[in-house]
Each structure stands twice: as C-alpha cells, then as structure tokens.
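Trainee: The structure is given below, and queries will be raised subsequently.
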Amino acid sequence: MEKEEKNNQPEQTQIVEKKEFKGRTLEDVLSHAEHVLKLPREQFNYEIVTEKTKLFGLKNKEIVIRAWPKRDDETEPVSRFLRELMKVFPLKLSYQIKKKDQMIYVVFDGQDRKMLLKNDGALLLAIQHILNKIANQKVQADCEFFRRRKEKQLREFAQQVAQKVKETGEEEILDFMNPYERRIIHLTVNQISGVTTESLGEGFLKKVRVYPISDDSQKRRLEEN
C-alpha cells in the first residue's frame with residue numbers, strides 16, 4: 001500500500017568540512033578519498049574542482065576533487081510519520097516523497113485519493129500542516145495537482161476582491177482561511193497598488209482583511225507560519 005522515494009543512505013555523523021584530493025585518474029582520487037574519509041564512495045558526495053593535463057601528456061594529468069560525507073536523510077521524519085500513519089489510516093493511499101532544494105514534496109495517490117480533496121482539500125492540508133510541524137524543512141503535500149488548481153482559484157479571487165476594494169474604497173473581510181490560503185491572498189493582493197491585507201484573529205484559521213491605502217509605501221507582506 002505504501003510507496004516511497006527517498007535516499008537509502010546509512011545514518012552517519014553530519015560533517016560539513018570538505019577535503020580536497022588529487023590524483024592522475026578519477027578512480028585514483030576516489031580511492032584516496034575512501035581511504036582518508038574511511039567511507040565507501042557511495043557514502044560521500046564529491047565535485048571535480050580541476051581536471052587538466054600538464055605539458056607532457058597523460059602521465060602528467062591531474063584531477064582534483066572536493067569530497068565530503070553525505071548528510072542524514074532529511075526526509076526521514078516525514079517518511080517515518082507517514083509509514084506509521086498508513087498503518088492505522090482508514091484510507092487506501094500511496095505516496096511519493098521527493099526533496100528538491102530546501103523543500104520536501106509529498107505526492108499522494110491511491111484508491112481513496114479523492115477523499116483527501118473533499119471539502120476543498122481539508123484533509124490534504126491538515127496532513128501537510130502536521131508534516132510541517134515535524135519536519136526540519138518546509139513540506140508541500142499534493143494530490144492530482146490540487147495545489148496548482150487551488151492557487152489559480154485563490155489568485156483570481158484575490159484579484160477580484162482587490163479590484164473591488166480599490167474601486168469602492170471600502171474594505172472586505174474574507175472568510176476563515178488556513179495559513180496556505182492566506183499566504184496566496186496576501187501575496188496576490190500586495191502586488192496590486194492601492195490595496196493591502198492583514199490577518200485577523202488567532203489560531204490556525206484566520207480571516208483576511210483587504211483594505212485600501214493611499215500610499216503604497218505602507219504595504220507590508222505578512223509572513224504566515
């Protein structure tokens with residue numbers, strides 16, 4: 001039932017120091033790095049710094065690499081939580097975990113995937129909220145391109161509200177929204193001159209106030225957790 005994509009790397013102490021190694025061939029250099037780092041090459045990253053041939057041909061070729069041990073898998077807290085969740089979850093779901101740059105992406109699939117999207121994706125966003133509490137990096141959860149469709153709807157809605165406020169000069173108070181939804185509203189409205197936003201209330205769900213301003217220097221972008 002469960003499908004995962006992650007780096008299957010052994011746990012080890014995180015070391016950020018990078019060391020340089022030289023040799024005539026890449027194989028020689030990697031073997032030297034293995035000996036010094038006391039790790040098989042599968043357990044360290046490396047980058048080629050220089051690769052050049054000196055005056056007298058192949059025998060004088062020199063390769064310089066910079067090598068350092070791989071870090072622990074940063075997706076493990078997310079993977080561990082989802083493995084345990086799937087054991088007791090009443091829905092039949094599968095998922096993939098991918099990491100790109102500083103973001104962890106979780107994409108759900110499976111027989112009951114549409115249940116995640118009911119009530120405007122309430123369950124999907126609730127799982128995402130929990131994952132962001134346990135992970136060391138930001139997590140985005142998605143299913144059937146829900147995020148793309150949702151963001152498009154929110155941007156169009158925010159533009160309509162902002163234009164109305166700008167034309168009438170009267171503020172609008174939007175219904176309760178989760179942090180993800182509020183962020184899209186804030187970012188979209190604050191790209192339009194003459195209007196800005198603020199969140200109202202406490203807790204996970206808050207309302208958003210869209211109101212006119214006379215000076216765009218007043219604009220501020222509220223960062224949502």
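Labels used: A, B, ... for chains in the order of the structure tokens, numbers from 1 for residues in each chain, and numbers from 1 for ligands as shown.
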Determine, counting only C-alpha atoms, which protein, DNA and RNA residues have an atom within 8 Å of an atom of Pro212 of chain A; residues of the same chain fewer than 4 positions away are not included. Present the result as number ranges by chain.

Mentor: A: 165-166, 169-171, 194-196

Trainee: Provide the atom CA of Leu82 of chain A to atom CA of Met115 of chain A distance in Å, to one decimal place.

Mentor: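 Between atom CA of Leu82 of chain A and atom CA of Met115 of chain A the gap is 16.7 Å.
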
Trainee: Mind giving me the straight-line distance from atom CA of Glu20 of chain A to atom CA of Arg66 of chain A in Å, one decimal?

Mentor: 4.4 Å

Trainee: Just asking: which residues within segment 32-208 of chain A are alpha helix (DSSP H) according to DSSP, as number ranges by chain?

Mentor: A: 32-37, 76-88, 118-134, 146-168, 179-189

Trainee: Neighbouring residues of segment 97-104 of chain A were defined as those with any atom within 12 Å, considering only C-alpha atoms; residues of the same chain fewer than 4 positions away were excluded. Please report them as a PyMOL selection string.

Mentor: chain A and resi 2-7+73-83+108-109+128+131-132+135-142

Trainee: So the first atom is atom CA of Tyr180 of chain A and the second is atom CA of Gly121 of chain A; what is the distance between them in Å, to one decimal place?

Mentor: 11.5 Å

Trainee: Which residues come within 9 Å of Ile184 of chain A, counting only C-alpha atoms, excluding same-chain residues fewer than 2 positions away, as a JSON list (two decimals) with C-alpha atoms, in the first residue's frame?

Mentor:
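Output (part15.json):
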```json
[["chain", "number", "residue", "atom", "x", "y", "z"],
["A", 151, "GLU", "CA", -3.61, 28.55, -6.18],
["A", 154, "LEU", "CA", -7.21, 31.88, -4.92],
["A", 155, "ARG", "CA", -5.21, 34.27, -7.09],
["A", 158, "ALA", "CA", -7.86, 37.80, -4.54],
["A", 179, "PRO", "CA", -2.13, 29.60, 6.51],
["A", 180, "TYR", "CA", -1.58, 28.25, 2.99],
["A", 181, "GLU", "CA", -4.68, 30.03, 1.64],
["A", 182, "ARG", "CA", -3.91, 33.27, 3.46],
["A", 186, "HIS", "CA", -1.53, 38.24, 0.86],
["A", 187, "LEU", "CA", 0.99, 37.77, -1.94],
["A", 188, "THR", "CA", -1.56, 38.38, -4.71],
["A", 189, "VAL", "CA", -3.22, 41.45, -3.20]]
```

Trainee: Skipping near chain neighbours, those fewer than 2 positions away, what residues fall within 7 Å of segment 31-45 of chain A using only C-alpha atoms, listed as a PDB file with N, CA and C atoms, in the first residue's frame?

Mentor:
```pdb
ATOM      1  N   PHE A  21      41.287  16.207  -2.786  1.00  0.00           N
ATOM      2  CA  PHE A  21      42.116  15.056  -3.093  1.00  0.00           C
ATOM      3  C   PHE A  21      42.593  15.168  -4.541  1.00  0.00           C
ATOM      4  N   GLU A  27      39.400   7.478 -10.655  1.00  0.00           N
ATOM      5  CA  GLU A  27      39.391   6.277  -9.824  1.00  0.00           C
ATOM      6  C   GLU A  27      40.444   6.360  -8.722  1.00  0.00           C
ATOM      7  N   ASP A  28      41.638   6.839  -9.070  1.00  0.00           N
ATOM      8  CA  ASP A  28      42.700   7.001  -8.067  1.00  0.00           C
ATOM      9  C   ASP A  28      42.278   7.975  -6.987  1.00  0.00           C
ATOM     10  N   VAL A  29      41.683   9.082  -7.409  1.00  0.00           N
ATOM     11  CA  VAL A  29      41.295  10.124  -6.449  1.00  0.00           C
ATOM     12  C   VAL A  29      40.187   9.624  -5.524  1.00  0.00           C
ATOM     13  N   ALA A  67      35.603  16.433  -1.592  1.00  0.00           N
ATOM     14  CA  ALA A  67      34.692  15.383  -1.124  1.00  0.00           C
ATOM     15  C   ALA A  67      34.271  15.629   0.311  1.00  0.00           C
ATOM     16  N   TRP A  68      33.050  15.178   0.636  1.00  0.00           N
ATOM     17  CA  TRP A  68      32.532  15.322   1.996  1.00  0.00           C
ATOM     18  C   TRP A  68      31.450  14.264   2.233  1.00  0.00           C
ATOM     19  N   PRO A  69      31.310  13.775   3.469  1.00  0.00           N
ATOM     20  CA  PRO A  69      30.310  12.730   3.767  1.00  0.00           C
ATOM     21  C   PRO A  69      28.892  13.222   3.522  1.00  0.00           C
ATOM     22  N   LYS A  70      28.057  12.294   3.061  1.00  0.00           N
ATOM     23  CA  LYS A  70      26.654  12.626   2.863  1.00  0.00           C
ATOM     24  C   LYS A  70      25.978  12.855   4.203  1.00  0.00           C
TER      25      LYS A  70
END
```

Trainee: Quick one: residues within 9 Å of Thr50 of chain A, only C-alpha atoms, excluding same-chain residues fewer than 3 positions away - as a ChimeraX atom specification?

Mentor: /A:62-65

Trainee: Please report, as a PyMOL selection string, each residue of segment 6-117 of chain A to which DSSP assigns strand (DSSP E or B) when run on this structure's backbone.

Mentor: chain A and resi 19-23+44-53+61-69+94-100+103-109

Trainee: Just write the chosen residues, C-alpha atoms, as an mmCIF file, in the first residue's frame.

Mentor:
```
data_model
loop_
_atom_site.group_PDB
_atom_site.id
_atom_site.type_symbol
_atom_site.label_atom_id
_atom_site.label_comp_id
_atom_site.auth_asym_id
_atom_site.auth_seq_id
_atom_site.Cartn_x
_atom_site.Cartn_y
_atom_site.Cartn_z
ATOM 1 C CA LYS A 19 38.518 17.955 1.776
ATOM 2 C CA GLU A 20 40.472 18.084 -1.472
ATOM 3 C CA PHE A 21 42.116 15.056 -3.093
ATOM 4 C CA LYS A 22 44.423 14.853 -6.109
ATOM 5 C CA GLY A 23 45.390 12.067 -8.494
ATOM 6 C CA PHE A 44 30.167 10.683 0.299
ATOM 7 C CA ASN A 45 29.499 13.459 -2.189
ATOM 8 C CA TYR A 46 32.199 14.865 -4.402
ATOM 9 C CA GLU A 47 32.721 17.570 -7.003
ATOM 10 C CA ILE A 48 35.522 17.924 -9.539
ATOM 11 C CA VAL A 49 37.474 21.092 -8.854
ATOM 12 C CA THR A 50 40.017 20.894 -11.705
ATOM 13 C CA GLU A 51 40.903 18.428 -14.411
ATOM 14 C CA LYS A 52 43.950 19.305 -16.504
ATOM 15 C CA THR A 53 46.796 17.751 -18.457
ATOM 16 C CA LYS A 61 47.290 14.501 -15.951
ATOM 17 C CA GLU A 62 45.931 15.750 -12.635
ATOM 18 C CA ILE A 63 42.384 15.621 -11.243
ATOM 19 C CA VAL A 64 41.387 17.483 -8.092
ATOM 20 C CA ILE A 65 38.111 16.736 -6.337
ATOM 21 C CA ARG A 66 36.454 18.072 -3.203
ATOM 22 C CA ALA A 67 34.692 15.383 -1.124
ATOM 23 C CA TRP A 68 32.532 15.322 1.996
ATOM 24 C CA PRO A 69 30.310 12.730 3.767
ATOM 25 C CA SER A 94 0.152 5.550 -1.590
ATOM 26 C CA TYR A 95 2.667 8.381 -1.671
ATOM 27 C CA GLN A 96 5.987 9.528 -3.012
ATOM 28 C CA ILE A 97 8.475 11.686 -1.117
ATOM 29 C CA LYS A 98 10.861 13.873 -3.060
ATOM 30 C CA LYS A 99 13.317 16.535 -1.969
ATOM 31 C CA LYS A 100 14.328 19.479 -4.118
ATOM 32 C CA MET A 103 11.592 21.794 0.027
ATOM 33 C CA ILE A 104 10.184 18.316 0.707
ATOM 34 C CA TYR A 105 7.337 17.287 -1.600
ATOM 35 C CA VAL A 106 4.793 14.582 -0.719
ATOM 36 C CA VAL A 107 2.523 13.482 -3.575
ATOM 37 C CA PHE A 108 -0.407 11.232 -2.658
ATOM 38 C CA ASP A 109 -2.097 8.693 -4.902
#
```

Trainee: Can you work out which one of A:Ile213, A:Phe145, A:Pro90, A:Asp112 has the shortest atom-to-atom distance to Glu167 of chain A, counting only C-alpha atoms?

Mentor: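 With only C-alpha atoms as the atom set, the closest residue is A:Ile213.
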